[in-house]
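Take a look at the structure below.
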Amino acid sequence: DTGVSQDPRHKITKRGQNVTFRCDPISEHNRLYWYRQTLGQGPEFLTYFQNEAQLEKSRLLSDRFSAERPKGSFSTLEIQRTEQGDSAMYLCASSPGQVNTEAFFGQGTRLTVV
Amino acid sequence: AQSVTQLGSHVSVSEGALVLLRCNYSSSVPPYLFWYVQYPNQGLQLLLKYTTGATLVKGINGFEAEFKKSETSFHLTKPSAHMSDAAEYFCAVTLSIKAAGNKLTFGGGTRVLVKP
């Protein structure tokens with residue numbers, strides 16, 4: 001069990017560019033979550049998957065954001081036409097999927113939009 | 001909808017002194033409560049959680065927290081601070097219903113500074 005893995009750890013991009021982040025959850029974890037954390041704040045929920053189905057999206061997830069989890073394994077989060085306000089740490093977490101179980105977090109991808 | 005309030009964005013304690021981090025929540029149904037710790041440029045690590053049963057829960061690194069329903073609180077304590085406790089701490093809540101999907105609502109965090 002290698003834990004939740006996120007790639008890349010850091011990404012610097014120019015405003016208007018598209019970026020894609022990857023998350024590999026703990027194997028056999030059914031649920032996968034994306035959170036966004038801005039400086040000095042707690043993480044905010046973006047979206048989550050149960051296997052390959054995206055079950056909930058926060059209103060924070062604008063039309064420029066899209067997440068996928070093909071085949072219920074790894075997940076990608078894409079941001080199109082990045083804006084400076086998108087600069088944040090993007091955290092991925094996974095859990096076994098039963099009620100009452102904890103989520104295990106990856107180390108995050110820090111995005112800086114210049 | 002649920003929410004979490006952490007009183008005090010920064011706390012400074014001396015090494016060996018008591019650490020007390022405050023967390024209050026609001027929830028429409030019985031909550032599950034968590035404390036996470038985050039070191040610089042790292043993800044979140046679970047310290048402890050309350051789901052059901054005993055209201056005093058013990059976690060890793062000597063931390064414990066007590067769920068007080070009447071006060072809607074879940075304060076985190078450690079009797080004696082260590083330099084390695086310097087980090088940011090987040091209280092979080094999720095709803096105890098399947099439909100909630102275990103998604104977490106976090107407080108704003110409390111950064112702990114430990115003075116030698």
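Labels for the structure tokens follow display order: chains A, B, ..., residues from 1 in each chain, ligands from 1.
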
List every residue of range 1-99 of chain B that has an atom at most 10 Å from any atom of range 37-47 of chain A, giving for each one its closest atom pair and the distance in Å to one decimal, counting only C-alpha atoms, sorted by chain and then by ascending residue number, as a tab-separated table.
residue	atom	partner	partner_atom	distance
B:Ser9	CA	A:Gly40	CA	8.7
B:Leu44	CA	A:Pro43	CA	9.6
B:Glu88	CA	A:Gly40	CA	9.5
B:Tyr89	CA	A:Gly42	CA	9.2
B:Phe90	CA	A:Gly42	CA	6.9
B:Cys91	CA	A:Gly42	CA	8.9
B:Ala92	CA	A:Gly42	CA	9.1

### Task
Write down as a PyMOL selection string the residues of range 41-110 of chain B whose backbone DSSP state falls under strand (DSSP E or B).
chain B and resi 44-50+56-58+64-68+73-78+87-95+105-106+110

### Query
Got a sec to pull out which chain A residues are within 8 Å of chain B, counting only C-alpha atoms, and send them as a PyMOL selection string?
chain A and resi 33+40-45+48+91+97-102+104-108

### Message
Would you pick out the contacts of Glu78 in chain A at 7 Å or less, using only C-alpha atoms, so that residues sharing its chain but fewer than 4 positions from it are not included, and give the list as a VMD selection string?
### Response
chain A and resid 19 to 21 65 to 67

### Query
Any idea what the distance is between CA of Ala86 in chain B and CA of Val4 in chain B?
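Taking CA of Ala86 in chain B as the start and CA of Val4 in chain B as the end point, the length is 21.7 Å.
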
### Message
If we count only C-alpha atoms and set the cut-off at 8 Å, which residues sit around Thr5 in chain B, ignoring sequence neighbours fewer than 2 positions away in its own chain? Please answer as a ChimeraX atom specification.
### Response
/B:3,7,23-25,107-108

### Summary
From the list A:Gln6, A:Asn18, A:Ser75, A:Thr112, the nearest residue to Ala53 in chain A using only C-alpha atoms is A:Ser75

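With only C-alpha atoms as the atoms that count, the residue of B:Ala1, B:Val19, B:Val93, B:Leu113 with the shortest distance to Ala81 in chain B is B:Val19.
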
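Counting only C-alpha atoms, the residue from B:Leu21, B:Gln6, B:Thr55, B:Tyr36 that sits nearest to Val112 in chain B is B:Leu21.
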
### Query
Which neighbours of Glu15 in chain B fall inside 8 Å, counting only C-alpha atoms, when residues of the same chain fewer than 6 positions from it are skipped, and could you give them as a PyMOL selection string?
chain B and resi 80-83+114-116

Write out the residues from the selection above, keeping N, CA and C atoms, as a PDB file, in the first residue's frame.
ATOM      1  N   SER B  80       1.289  17.776  26.692  1.00  0.00           N
ATOM      2  CA  SER B  80       2.633  18.330  26.687  1.00  0.00           C
ATOM      3  C   SER B  80       3.122  18.497  25.252  1.00  0.00           C
ATOM      4  N   ALA B  81       3.282  19.747  24.834  1.00  0.00           N
ATOM      5  CA  ALA B  81       3.662  20.016  23.440  1.00  0.00           C
ATOM      6  C   ALA B  81       5.109  19.643  23.182  1.00  0.00           C
ATOM      7  N   HIS B  82       5.316  19.150  21.974  1.00  0.00           N
ATOM      8  CA  HIS B  82       6.663  18.824  21.510  1.00  0.00           C
ATOM      9  C   HIS B  82       6.953  19.675  20.290  1.00  0.00           C
ATOM     10  N   MET B  83       8.211  19.927  20.055  1.00  0.00           N
ATOM     11  CA  MET B  83       8.586  20.773  18.902  1.00  0.00           C
ATOM     12  C   MET B  83       8.006  20.219  17.597  1.00  0.00           C
ATOM     13  N   VAL B 114       5.371  26.108  18.326  1.00  0.00           N
ATOM     14  CA  VAL B 114       5.888  25.607  19.602  1.00  0.00           C
ATOM     15  C   VAL B 114       7.209  26.307  19.897  1.00  0.00           C
ATOM     16  N   LYS B 115       7.232  26.993  21.021  1.00  0.00           N
ATOM     17  CA  LYS B 115       8.430  27.739  21.426  1.00  0.00           C
ATOM     18  C   LYS B 115       9.289  26.882  22.347  1.00  0.00           C
ATOM     19  N   PRO B 116      10.606  26.921  22.134  1.00  0.00           N
ATOM     20  CA  PRO B 116      11.493  26.114  22.998  1.00  0.00           C
ATOM     21  C   PRO B 116      11.498  26.630  24.439  1.00  0.00           C
TER      22      PRO B 116
END

### Query
CA of Val57 in chain B and CA of Ser70 in chain B, how far apart in Å?
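Those two atoms sit 17.0 Å apart.
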
### Task
Using CA of Tyr35 in chain A and CA of Glu56 in chain A as the two end points, give the distance in Å to one decimal.
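We find that CA of Tyr35 in chain A and CA of Glu56 in chain A lie 12.4 Å from each other.
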
### Message
Residues within 7 Å of Phe63 in chain B, please, as a list in words. Count only C-alpha atoms; anything in the same chain fewer than 5 positions from it doesn't count.
### Response
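After dropping sequence-adjacent residues, the list is Lys58, Leu76, Thr77 and Lys78 of chain B.
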
### All residues 7 Å or closer to Cys23 in chain A, only C-alpha atoms, same chain fewer than 5 positions away omitted, as a ChimeraX atom specification
/A:5-7,74-76,92

Could the residues in this selection be saved with C-alpha atoms as a PDB file, in the first residue's frame?
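The resulting file, part.pdb, is reproduced below:
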ATOM      1  CA  SER A   5      -0.227   9.501  -5.095  1.00  0.00           C
ATOM      2  CA  GLN A   6      -0.597  12.812  -6.916  1.00  0.00           C
ATOM      3  CA  ASP A   7       1.274  14.072  -9.930  1.00  0.00           C
ATOM      4  CA  PHE A  74      -6.967   6.812 -11.188  1.00  0.00           C
ATOM      5  CA  SER A  75      -8.584  10.207 -11.615  1.00  0.00           C
ATOM      6  CA  THR A  76      -7.702  13.361 -13.503  1.00  0.00           C
ATOM      7  CA  CYS A  92      -6.921  14.142  -3.684  1.00  0.00           C
TER       8      CYS A  92
END
